[in-house]
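target_0.txt follows (compact mmCIF, C-alpha atoms and all ligand atoms):
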# COMPACT_ATOMS: atom_id res chain seq x y z
CA MET A 730 -10.65 -26.55 -12.16
CA SER A 731 -12.36 -24.64 -9.39
CA ARG A 732 -10.87 -21.38 -8.24
CA PRO A 733 -9.58 -21.33 -4.65
CA GLU A 734 -11.12 -17.84 -4.43
CA ASP A 735 -14.56 -19.41 -4.73
CA THR A 736 -14.14 -21.96 -1.99
CA LEU A 737 -12.36 -20.44 1.00
CA PRO A 738 -11.34 -17.07 2.39
CA PRO A 739 -7.65 -16.36 1.65
CA ASP A 740 -6.37 -16.75 5.21
CA LEU A 741 -7.87 -20.24 5.37
CA HIS A 742 -6.88 -21.28 1.86
CA TYR A 743 -3.25 -20.25 2.42
CA ASN A 744 -2.66 -22.38 5.51
CA ASP A 745 0.72 -23.84 6.49
CA THR A 746 0.56 -26.71 4.01
CA GLU A 747 -0.63 -24.62 1.07
CA ALA A 748 1.83 -21.80 1.85
CA ARG A 749 4.77 -24.20 1.75
CA LYS A 750 3.52 -26.02 -1.33
CA TYR A 751 2.94 -22.70 -3.10
CA THR A 752 6.35 -21.27 -2.30
CA THR A 753 8.43 -24.37 -3.08
CA SER A 754 6.81 -25.10 -6.45
CA SER A 755 9.37 -24.16 -9.08
CA ARG A 756 6.60 -23.67 -11.62
CA ILE A 757 4.92 -21.07 -9.39
CA GLN A 758 8.26 -19.46 -8.54
CA ASN A 759 8.98 -18.97 -12.23
CA ILE A 760 5.57 -17.58 -13.11
CA GLN A 761 5.50 -15.19 -10.14
CA ALA A 762 9.04 -14.02 -10.92
CA SER A 763 8.25 -13.29 -14.55
CA MET A 764 5.11 -11.36 -13.59
CA THR A 765 7.06 -9.40 -11.00
CA ASN A 766 9.64 -8.46 -13.60
CA ARG A 767 6.92 -7.40 -16.00
CA ALA A 768 5.30 -5.26 -13.30
CA LEU A 769 8.67 -3.66 -12.53
CA GLU A 770 9.09 -2.83 -16.18
CA LEU A 771 5.73 -1.06 -16.08
CA LEU A 772 6.61 0.79 -12.86
CA ASP A 773 9.69 2.08 -14.64
CA LEU A 774 11.61 3.02 -11.48
CA THR A 775 14.97 4.57 -12.12
CA SER A 776 16.31 4.81 -8.58
CA PRO A 777 15.92 2.98 -5.24
CA ALA A 778 12.29 3.30 -4.17
CA LEU A 779 10.03 2.58 -1.22
CA ILE A 780 7.47 0.07 -2.50
CA LEU A 781 4.28 -1.42 -1.06
CA ASP A 782 3.72 -5.09 -1.95
CA VAL A 783 0.00 -5.80 -1.71
CA GLY A 784 -0.72 -9.44 -0.89
CA CYS A 785 3.03 -10.09 -0.68
CA GLY A 786 2.56 -13.72 0.39
CA SER A 787 5.86 -15.49 1.04
CA GLY A 788 7.87 -12.67 -0.51
CA LEU A 789 8.55 -14.10 -3.97
CA SER A 790 8.22 -10.61 -5.51
CA GLY A 791 9.94 -8.91 -2.60
CA GLU A 792 13.09 -10.98 -3.03
CA ILE A 793 13.35 -9.61 -6.55
CA LEU A 794 12.76 -6.00 -5.40
CA SER A 795 15.56 -6.34 -2.81
CA SER A 796 18.04 -7.80 -5.26
CA ILE A 797 17.87 -5.28 -8.08
CA ASP A 798 21.36 -4.07 -8.88
CA PRO A 799 22.27 -0.38 -8.33
CA SER A 800 23.12 -0.21 -12.04
CA GLU A 801 19.45 -0.96 -12.71
CA GLY A 802 18.10 1.54 -10.20
CA GLY A 803 17.84 -0.74 -7.17
CA PRO A 804 17.80 -2.16 -4.63
CA HIS A 805 14.32 -1.18 -3.54
CA VAL A 806 13.00 -1.23 0.01
CA TRP A 807 9.55 -2.76 0.44
CA VAL A 808 6.74 -3.28 2.90
CA GLY A 809 4.44 -6.24 2.36
CA MET A 810 0.85 -6.67 3.51
CA ASP A 811 -0.79 -10.09 3.61
CA ILE A 812 -3.77 -11.64 5.33
CA SER A 813 -2.27 -15.12 5.62
CA ALA A 814 -0.08 -15.70 8.68
CA SER A 815 1.17 -18.92 7.10
CA MET A 816 2.40 -17.17 3.96
CA LEU A 817 4.16 -14.54 6.09
CA ASP A 818 5.69 -17.31 8.15
CA VAL A 819 7.25 -18.81 5.04
CA ALA A 820 8.51 -15.33 4.14
CA LEU A 821 10.20 -15.14 7.59
CA GLN A 822 11.85 -18.52 7.10
CA ARG A 823 13.14 -17.30 3.75
CA ASP A 824 14.68 -14.34 5.55
CA VAL A 825 13.28 -11.66 3.24
CA GLU A 826 14.58 -8.11 3.66
CA GLY A 827 11.24 -6.31 3.46
CA ASP A 828 8.94 -5.52 6.37
CA LEU A 829 5.90 -7.77 6.75
CA MET A 830 2.45 -6.91 8.09
CA LEU A 831 -0.46 -9.19 8.83
CA ALA A 832 -3.27 -7.13 7.36
CA ASP A 833 -6.41 -7.31 5.27
CA ILE A 834 -6.20 -4.92 2.32
CA GLY A 835 -10.02 -4.91 2.22
CA GLN A 836 -9.83 -2.99 5.52
CA GLY A 837 -7.67 -0.25 3.99
CA VAL A 838 -4.00 0.70 3.73
CA PRO A 839 -2.81 2.18 7.07
CA PHE A 840 -0.06 4.53 5.93
CA ARG A 841 0.06 8.28 5.91
CA ALA A 842 -0.58 10.15 2.67
CA GLY A 843 2.14 10.00 0.05
CA SER A 844 4.25 7.33 1.77
CA PHE A 845 5.21 5.12 -1.17
CA ASP A 846 6.92 5.71 -4.50
CA ALA A 847 5.12 2.75 -5.99
CA ALA A 848 3.04 -0.33 -5.28
CA ILE A 849 3.08 -3.80 -6.75
CA SER A 850 0.58 -6.61 -6.37
CA ILE A 851 0.91 -10.03 -7.97
CA SER A 852 -2.02 -12.46 -8.15
CA ALA A 853 -3.81 -11.07 -5.10
CA ILE A 854 -6.50 -8.45 -5.60
CA GLN A 855 -9.09 -10.74 -7.23
CA TRP A 856 -9.48 -12.15 -3.69
CA LEU A 857 -11.24 -8.90 -2.76
CA CYS A 858 -14.19 -9.86 -4.93
CA ASN A 859 -15.09 -12.52 -2.42
CA ALA A 860 -16.64 -10.87 0.60
CA GLU A 861 -15.30 -12.23 3.87
CA SER A 862 -18.67 -12.16 5.55
CA SER A 863 -22.19 -10.95 4.89
CA GLU A 864 -21.46 -7.86 7.02
CA VAL A 865 -19.08 -6.40 4.47
CA SER A 866 -19.65 -6.18 0.74
CA SER A 867 -16.93 -6.76 -1.82
CA THR A 868 -17.68 -3.32 -3.29
CA GLY A 869 -16.96 -1.77 0.10
CA ARG A 870 -13.74 -3.77 0.48
CA LEU A 871 -12.56 -2.85 -3.02
CA SER A 872 -13.24 0.82 -2.40
CA ARG A 873 -11.48 0.85 0.98
CA PHE A 874 -8.48 -0.82 -0.63
CA PHE A 875 -8.20 1.47 -3.65
CA ASN A 876 -8.93 4.66 -1.67
CA GLY A 877 -6.25 3.66 0.83
CA LEU A 878 -3.78 2.72 -1.87
CA TYR A 879 -4.40 5.99 -3.69
CA ALA A 880 -3.73 8.07 -0.60
CA SER A 881 -0.63 6.08 0.41
CA LEU A 882 1.12 6.70 -2.91
CA LYS A 883 3.02 9.89 -3.60
CA ARG A 884 1.82 12.18 -6.39
CA GLY A 885 3.12 10.88 -9.70
CA GLY A 886 3.44 7.41 -8.14
CA ARG A 887 2.30 4.24 -9.85
CA ALA A 888 0.83 0.90 -8.92
CA VAL A 889 0.84 -2.24 -11.05
CA CYS A 890 -1.50 -5.04 -10.03
CA GLN A 891 -1.44 -8.34 -11.89
CA PHE A 892 -4.73 -10.11 -11.19
CA TYR A 893 -6.91 -13.04 -12.18
CA PRO A 894 -10.50 -11.89 -12.51
CA LYS A 895 -13.01 -14.71 -12.64
CA ASN A 896 -14.92 -13.11 -15.51
CA GLU A 897 -15.55 -9.88 -17.35
CA GLN A 898 -17.75 -8.61 -14.55
CA GLN A 899 -15.01 -8.97 -11.91
CA ARG A 900 -12.53 -7.32 -14.23
CA THR A 901 -14.83 -4.32 -14.61
CA MET A 902 -15.68 -4.25 -10.93
CA ILE A 903 -11.99 -4.09 -9.97
CA SER A 904 -10.88 -1.54 -12.56
CA GLY A 905 -14.02 0.50 -11.87
CA ALA A 906 -13.21 0.67 -8.16
CA ALA A 907 -9.68 1.88 -8.96
CA ILE A 908 -10.95 4.63 -11.24
CA LYS A 909 -13.53 5.69 -8.69
CA ALA A 910 -10.74 6.09 -6.13
CA GLY A 911 -9.14 8.65 -8.44
CA PHE A 912 -6.54 6.58 -10.28
CA GLY A 913 -5.77 6.90 -13.94
CA ALA A 914 -6.10 3.30 -15.06
CA GLY A 915 -5.17 1.08 -17.95
CA ILE A 916 -5.26 -2.67 -18.43
CA LEU A 917 -2.42 -4.43 -20.20
CA GLU A 918 -2.96 -7.95 -21.42
CA ASP A 919 0.01 -10.20 -22.22
CA ASP A 920 -0.58 -13.25 -24.41
CA PRO A 921 -4.25 -12.46 -24.84
CA GLY A 922 -6.51 -15.33 -25.72
CA THR A 923 -4.04 -18.02 -24.58
CA LYS A 924 -4.21 -19.94 -21.35
CA ASN A 925 -1.12 -18.04 -20.21
CA SER A 926 -2.88 -14.72 -20.65
CA LYS A 927 -1.99 -12.22 -17.91
CA LEU A 928 -3.76 -9.01 -16.96
CA TYR A 929 -2.01 -6.01 -15.43
CA LEU A 930 -3.95 -3.13 -14.00
CA VAL A 931 -1.65 -0.12 -14.38
CA LEU A 932 -2.58 2.76 -12.07
CA THR A 933 -1.24 6.28 -11.85
CA VAL A 934 -1.71 8.95 -9.21
CA GLY A 935 -2.33 12.51 -10.38
CA GLY A 936 0.83 14.47 -10.83
CA SER A 937 1.12 16.11 -14.17
CA ALA A 938 -1.73 16.00 -16.63
CA ASP A 939 0.54 16.52 -19.64
CA GLU A 940 0.43 13.64 -22.01
CA GLY A 941 3.50 11.48 -22.00
CA THR A 942 4.67 12.26 -18.46
CA GLY A 943 4.72 10.04 -15.40
CA GLY A 944 1.37 11.02 -13.98
CA ASP A 945 -0.80 10.17 -16.92
CA ILE A 946 -1.83 6.69 -17.86
CA THR A 947 -1.80 7.31 -21.59
CA GLY A 948 1.89 8.16 -21.30
CA VAL A 949 2.68 5.03 -19.31
CA VAL A 950 1.14 2.62 -21.72
CA LYS A 951 1.61 4.55 -24.95
CA GLY A 952 2.88 2.36 -27.72
CA MET A 953 2.31 -0.86 -25.81
CA GLU A 954 0.31 -3.51 -27.50
CA GLY A 955 -2.87 -4.89 -26.02
CA VAL A 956 -3.45 -1.95 -23.72
CA ASP A 957 -6.89 -0.78 -22.90
CA VAL A 958 -6.86 2.73 -21.43
CA LEU A 959 -9.64 3.02 -18.91
CA ASP A 960 -9.19 6.62 -17.93
CA ALA A 961 -12.76 7.47 -17.07
CA ARG A 962 -11.90 10.37 -14.82
CA LYS A 963 -13.08 13.01 -17.25
CA LYS A 964 -16.38 11.35 -18.04
CA HIS A 965 -16.97 10.85 -14.36
CA ARG A 966 -16.38 14.47 -13.57
CA GLU A 967 -18.56 15.88 -16.33
CA LYS A 968 -21.40 13.65 -15.36
CA GLY A 969 -21.01 14.67 -11.75
CA ARG A 970 -21.05 18.33 -12.63
CA LYS A 971 -24.32 18.11 -14.47
CA GLU A 972 -26.17 16.18 -11.86
CA VAL A 973 -24.93 17.52 -8.57
CA LYS A 974 -26.02 20.90 -7.36
CA LYS A 975 -23.32 22.94 -5.69
CA GLY A 976 -23.83 23.09 -1.94
CA SER A 977 -26.14 20.07 -1.88
CA LYS A 978 -25.43 17.13 0.40
CA ALA A 979 -24.23 15.02 -2.54
CA TRP A 980 -21.89 17.81 -3.57
CA ILE A 981 -20.46 18.13 -0.05
CA LEU A 982 -19.99 14.38 0.21
CA SER A 983 -18.16 14.21 -3.11
CA LYS A 984 -15.91 17.14 -2.12
CA LYS A 985 -15.16 15.37 1.16
CA GLU A 986 -14.37 12.18 -0.71
CA GLN A 987 -12.01 14.12 -2.97
CA MET A 988 -10.22 15.66 0.02
CA GLU A 989 -9.97 12.33 1.78
CA ARG A 990 -8.39 10.79 -1.30
CA LYS A 991 -5.78 13.49 -1.22
CA GLY A 992 -5.05 12.40 2.31
CA LYS A 993 -6.59 15.45 3.93
CA VAL A 994 -8.21 15.16 7.30
CA VAL A 995 -11.97 15.18 6.78
CA LYS A 996 -14.76 15.27 9.36
CA ASN A 997 -16.89 12.15 9.50
CA SER A 998 -20.12 12.36 7.52
CA SER A 999 -23.43 11.93 9.28
CA LYS A 1000 -27.09 12.48 8.66
CA TYR A 1001 -26.47 16.11 9.61
CA THR A 1002 -23.89 16.62 6.86
CA GLY A 1003 -24.95 19.43 4.54
CA ARG A 1004 -28.00 20.36 6.58
CA LYS A 1005 -28.80 23.97 7.19
CA ARG A 1006 -27.88 25.04 10.63
CA HIS A 1007 -30.71 26.91 12.28
CA ILE A 1008 -29.77 29.82 14.41
CA THR A 1009 -30.80 29.32 17.99
CA PHE A 1010 -30.67 31.79 20.78
CA MET B 308 9.45 -3.67 11.51
CA LYS B 309 11.99 -1.07 10.50
CA LEU B 310 11.91 2.41 12.00
CA LEU B 311 11.60 3.65 8.42
CA THR B 312 8.27 1.83 8.08
CA LEU B 313 7.12 2.99 11.51
CA ASN B 314 7.58 6.54 10.26
CA PHE B 315 4.85 5.98 7.67
CA LEU B 316 2.51 3.65 9.52
CA THR B 317 -0.70 5.03 11.07
CA CYS B 318 -3.52 3.60 13.13
CA ALA B 319 -5.90 1.62 10.88
CA VAL B 320 -9.06 2.33 12.88
CA LYS B 321 -11.53 4.31 10.79
CA ALA B 322 -12.37 6.85 13.47
CA CYS B 323 -8.66 7.71 13.80
CA LYS B 324 -8.23 8.86 10.20
CA SER B 325 -9.22 12.39 11.13
CA SER B 326 -6.98 12.60 14.20
CA SER B 327 -3.39 13.77 14.15
CA ALA B 328 -2.78 11.81 17.37
CA SER B 329 -3.01 8.51 15.44
CA PHE B 330 0.52 9.03 14.10
CA PRO B 331 3.15 8.00 14.98
CA LEU B 332 2.19 4.83 16.80
CA HIS B 333 3.93 4.56 20.16
CA PRO B 334 6.14 1.55 20.85
CA LYS B 335 5.50 -0.16 24.17
CA ASP B 336 7.61 -2.94 25.74
CA CYS B 337 9.49 -3.33 22.48
CA GLU B 338 12.49 -5.50 21.74
CA LEU B 339 14.77 -4.26 19.01
CA VAL B 340 17.04 -6.13 16.63
CA SER B 341 19.67 -4.79 14.32
CA ASP B 342 20.31 -6.22 10.87
CA THR B 343 23.13 -5.51 8.51
CA ILE B 344 21.86 -3.95 5.33
CA ALA B 345 24.07 -2.71 2.53
CA PRO B 346 24.28 1.09 2.46
CA ASN B 347 21.73 2.55 0.05
CA PRO B 348 22.37 6.32 0.04
CA GLN B 349 20.11 6.90 -2.98
CA LEU B 350 17.20 5.37 -1.10
CA VAL B 351 17.89 7.56 1.93
CA TYR B 352 18.03 10.72 -0.22
CA ASN B 353 14.82 9.62 -1.91
CA VAL B 354 12.80 9.13 1.29
CA LEU B 355 14.39 11.95 3.31
CA PRO B 356 11.87 14.64 2.23
CA ARG B 357 9.01 12.27 3.12
CA ILE B 358 10.28 11.36 6.58
CA ASP B 359 8.25 13.03 9.31
CA TRP B 360 11.24 14.18 11.31
CA ASN B 361 9.31 15.15 14.43
CA ALA B 362 7.76 11.70 14.51
CA LEU B 363 11.18 10.11 14.09
CA VAL B 364 12.53 12.16 17.00
CA THR B 365 9.59 10.98 19.12
CA THR B 366 9.95 7.31 18.15
CA ALA B 367 13.72 7.35 18.73
CA SER B 368 13.33 8.85 22.18
CA GLU B 369 10.51 6.47 23.13
CA LEU B 370 12.79 3.58 22.18
CA GLY B 371 15.56 5.00 24.34
CA PHE B 372 17.95 6.21 21.64
CA PRO B 373 20.11 9.30 22.20
CA THR B 374 18.24 12.46 21.23
CA LEU B 375 18.19 13.19 17.51
CA PRO B 376 18.86 16.69 16.19
CA ALA B 377 15.68 18.77 16.20
CA THR B 378 15.63 19.21 12.45
CA ALA B 379 16.26 16.83 9.56
CA PRO B 380 19.65 16.98 7.87
CA THR B 381 19.64 18.16 4.27
CA LYS B 382 20.84 16.00 1.41
CA GLU B 383 23.96 18.18 1.12
CA GLU B 384 24.76 17.72 4.81
CA LEU B 385 24.42 13.96 4.44
CA GLU B 386 26.61 13.89 1.36
CA ASN B 387 29.35 15.68 3.27
CA ASP B 388 29.04 13.85 6.57
CA GLU B 389 29.74 10.15 6.25
CA LYS B 390 29.15 9.52 9.94
CA MET B 391 25.75 11.17 9.95
CA MET B 392 24.74 9.20 6.85
CA LYS B 393 25.85 5.96 8.47
CA GLU B 394 23.88 6.73 11.63
CA LEU B 395 20.75 7.57 9.73
CA HIS B 396 21.07 4.39 7.66
CA THR B 397 21.44 2.37 10.86
CA LEU B 398 18.46 4.03 12.51
CA LEU B 399 16.05 3.88 9.57
CA LEU B 400 16.95 0.66 7.80
CA GLU B 401 18.93 -1.55 10.16
CA THR B 402 16.95 -1.07 13.36
CA SER B 403 13.74 -3.06 13.69
CA VAL B 404 11.09 -3.72 16.30
CA SER B 405 11.00 -7.51 16.65
CA GLU B 406 8.58 -7.94 19.56
CA GLY B 407 6.25 -5.61 21.39
CA ILE B 408 3.22 -3.43 20.96
CA LEU B 409 2.46 -0.34 18.91
CA VAL B 410 -0.13 1.88 20.53
CA CYS B 411 -2.34 4.48 18.87
CA GLY B 412 -2.16 7.82 20.68
CA ASN B 413 -5.76 8.58 19.76
CA CYS B 414 -7.87 5.45 20.34
CA GLY B 415 -5.40 3.40 22.36
CA HIS B 416 -5.67 0.42 20.01
CA GLU B 417 -2.70 -1.93 20.47
CA TYR B 418 -1.04 -3.59 17.50
CA ARG B 419 1.06 -6.62 18.42
CA VAL B 420 4.42 -7.19 16.80
CA LYS B 421 5.69 -10.76 16.76
CA GLU B 422 8.89 -11.87 15.06
CA GLY B 423 8.94 -8.46 13.42
CA ILE B 424 5.44 -8.86 11.92
CA ALA B 425 2.88 -6.30 13.04
CA ASN B 426 -0.69 -7.53 13.26
CA PHE B 427 -3.04 -4.97 11.71
CA LEU B 428 -6.13 -7.14 11.40
CA LEU B 429 -9.08 -5.26 12.87
CA PRO B 430 -12.45 -6.44 14.10
CA ASN B 431 -15.11 -5.34 11.57
CA HIS B 432 -16.69 -2.69 13.78
CA LEU B 433 -13.44 -0.66 13.81
CA VAL B 434 -12.95 -0.67 10.03
C1 LIG C 1101 -1.45 -16.25 -5.23
S1 LIG C 1101 -0.84 -15.55 -3.71
C2 LIG C 1101 0.38 -14.43 -4.34
C3 LIG C 1101 1.45 -14.09 -3.33
C4 LIG C 1101 2.58 -13.22 -3.87
N1 LIG C 1101 2.09 -11.92 -4.32
C5 LIG C 1101 3.28 -13.94 -4.99
O1 LIG C 1101 3.24 -13.45 -6.12
O2 LIG C 1101 3.87 -14.99 -4.73
C6 LIG C 1101 -2.16 -14.48 -3.20
C7 LIG C 1101 -1.88 -13.80 -1.88
O3 LIG C 1101 -2.86 -12.78 -1.65
C8 LIG C 1101 -3.13 -12.77 -0.27
N2 LIG C 1101 -4.42 -12.12 -0.01
C9 LIG C 1101 -5.63 -12.50 -0.45
N3 LIG C 1101 -6.59 -11.68 0.05
C10 LIG C 1101 -5.96 -10.74 0.81
C11 LIG C 1101 -6.40 -9.65 1.59
N4 LIG C 1101 -7.69 -9.36 1.70
N5 LIG C 1101 -5.49 -8.90 2.26
C12 LIG C 1101 -4.16 -9.22 2.17
N6 LIG C 1101 -3.68 -10.24 1.44
C13 LIG C 1101 -4.56 -11.02 0.77
C14 LIG C 1101 -3.12 -14.22 0.10
O4 LIG C 1101 -2.99 -14.43 1.50
C15 LIG C 1101 -1.94 -14.75 -0.70
O5 LIG C 1101 -0.74 -14.70 0.02
Kindly transcribe the structure held in the file into structure tokens.
Amino acid sequence: MSRPEDTLPPDLHYNDTEARKYTTSSRIQNIQASMTNRALELLDLTSPALILDVGCGSGLSGEILSSIDPSEGGPHVWVGMDISASMLDVALQRDVEGDLMLADIGQGVPFRAGSFDAAISISAIQWLCNAESSEVSSTGRLSRFFNGLYASLKRGGRAVCQFYPKNEQQRTMISGAAIKAGFGAGILEDDPGTKNSKLYLVLTVGGSADEGTGGDITGVVKGMEGVDVLDARKKHREKGRKEVKKGSKAWILSKKEQMERKGKVVKNSSKYTGRKRHITF
Amino acid sequence: MKLLTLNFLTCAVKACKSSSASFPLHPKDCELVSDTIAPNPQLVYNVLPRIDWNALVTTASELGFPTLPATAPTKEELENDEKMMKELHTLLLETSVSEGILVCGNCGHEYRVKEGIANFLLPNHLV
């Protein structure tokens, strides 16, 4: 069967008809609910949290977030972003409690630094691999999304994104973009090798570097089966250190990127960035 | 869109990232609705340290609410003052912008809100 991702942009694929069909299918409802619950397990929230739902669609995940019993650490409050007005319309009709925004995650995540305790995304981010137009590359859209997501999460926060990569290359492209944005990353695969196989990208934001605590990916997924820890941060850094000369333009740009990821206000880069300033009288 | 969310939302335009005037967005010609949401004190305690209180004071006054205290209450104050807790819950979680415009104080970009949904889609040249 062909993938909808390969044929149409998401806002056109999820039109009124498709949005209704999608949301009323009990098969889809069940699958999305079970993936949401799995993602929540991985987020491991112990008290009511402010959560970003990326590609929230008609709010199938959000309804679960809102209905978690206080005895289980809920209910959570959520904000959903989606590019399909039709999906959001169905969410409105279903009277979801979360806030909804019509937004393209490939354009970024417009919240101030450290806003959310956690983020969840079910069956959405593989759409970023399909560039909307020739003007913008999918690499650029992936990096704007993950950089924005990284900044919008509080330190020690987590994101869990279930996704359907088309192939190995997309899987690497997506996890690579997350790592480049600064996340600690791991991929968890449920029912590997079957046609029900599900991939979860588990992302952590800084915090404590001690093994076994909230901030570190190896702690999050320790002891879970089928987990691939992708924490390439160290390798990345060492490589960078060898190649980049301190004070060079590349060094300045990477420092600026680092600061921006932390949510700091950074001057725009230009062709003058890192150039020597000549003294003029 | 809840006032809680408005307290975290910034302008999405790339050039505004480095400007402190791009937060908070300023409501213009806004209609408000109030929903009933079950009290969730743990959630309020959780987000309280992350609320930008000055921005909340600004937003509340721009929407025509009575002036908020100049500084945020502490968790202890909220625990001991049921009325204050109730008011904060109402303001943050039960009060929403249903129709209107959110304006960036830096670039002037206007984000439309319809049926509570804010439109943050940008033309490519602003991303
Ligand atoms: C399979 S649906 C999943 C919806 C919801 N998460 C669920 O589990 O029911 C994929 C959703 O991703 C949204 N989406 C795809 N690309 C997007 C983008 N660039 N920005 C925001 N949302 C996007 C689509 O509009 C669609 O609602």
*Name the residues in contact with Gln349 (chain B) at a cut-off of 12 Å, using all atoms listed in the file, excluding same-chain residues fewer than 3 positions from it; report them as an MDAnalysis selection string.*
(chainID A and resid 775:779 799:800 802:806) or (chainID B and resid 345:346 352:355 382 385:386 392 396)
*Show which residues sit within 12 Å of Glu394 (chain B), as a ChimeraX atom specification. Count all atoms listed in the file, and ignore same-chain residues fewer than 4 positions away.*
/B:346,348,351,372-373,375,380,385,388-390,398-402
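Comparing the minimum interatomic distances between ligand LIG 1101 (chain C) and each of A:Thr868, A:Asn766, A:Ser850, A:Thr923, counting only C-alpha atoms and all ligand atoms, we find that A:Ser850 sits nearest.
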_chain B contacts on chain A, only C-alpha atoms, 10 Å, as an MDAnalysis selection string_ = chainID A and resid 776:779 799 802:812 814 817:818 821 826:846 862 864:865 873 881 883 989 992:997
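Taking CA of Arg767 (chain A) and CA of Gln822 (chain A) as endpoints, the distance between them is 26.1 Å.
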*Can I get the residues close to ligand LIG 1101 (chain C) as a VMD selection string, where close means within 7 Å and we count all atoms listed in the file?*
chain A and resid 739 to 740 743 761 783 to 790 810 to 813 816 832 to 835 850 to 854 856 to 857
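A straight line drawn from CA of Gln891 (chain A) to CA of Asp919 (chain A) is 10.6 Å long.
Take CA of Thr378 (chain B) and CA of Lys991 (chain A): the distance between them is 26.0 Å.
Surrounding residues of (-5.2, 4.0, -15.7) at most 7 Å away are Phe912, Gly913, Ala914, Gly915, Val931, Leu932, Thr933, Ile946, Val958, Leu959 and Asp960 of chain A (based on only C-alpha atoms).
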*Within 12 Å of (6.5, -9.2, 29.9), in the coordinates the file gives, what residues turn up when you count only C-alpha atoms, written out as a ChimeraX atom specification?*
/B:335-338,406-408
*For Val364 (chain B), work out the shell of residues within 10 Å, counting all atoms listed in the file and skipping chain neighbours fewer than 3 positions away, then give it as an MDAnalysis selection string.*
chainID B and resid 359:361 367:369 372:379
Requested write-out: C-alpha atoms of the selected residues, as a tab-separated table (two decimals), in the coordinates of the input:
chain	number	residue	atom	x	y	z
B	359	ASP	CA	8.25	13.03	9.31
B	360	TRP	CA	11.24	14.18	11.31
B	361	ASN	CA	9.31	15.15	14.43
B	367	ALA	CA	13.72	7.35	18.73
B	368	SER	CA	13.33	8.85	22.18
B	369	GLU	CA	10.51	6.47	23.13
B	372	PHE	CA	17.95	6.21	21.64
B	373	PRO	CA	20.11	9.30	22.20
B	374	THR	CA	18.24	12.46	21.23
B	375	LEU	CA	18.19	13.19	17.51
B	376	PRO	CA	18.86	16.69	16.19
B	377	ALA	CA	15.68	18.77	16.20
B	378	THR	CA	15.63	19.21	12.45
B	379	ALA	CA	16.26	16.83	9.56
*List the neighbours of Ser999 (chain A) out to 12 Å using all atoms listed in the file; skip same-chain residues closer than 4 positions along the sequence, and give me the result as a PyMOL selection string.*
chain A and resi 978+981-982+1003-1004
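Residue nearest Thr1002 (chain A), chosen from A:Arg990, A:Ala848, A:Lys985, A:Glu747 and counting only C-alpha atoms: A:Lys985.
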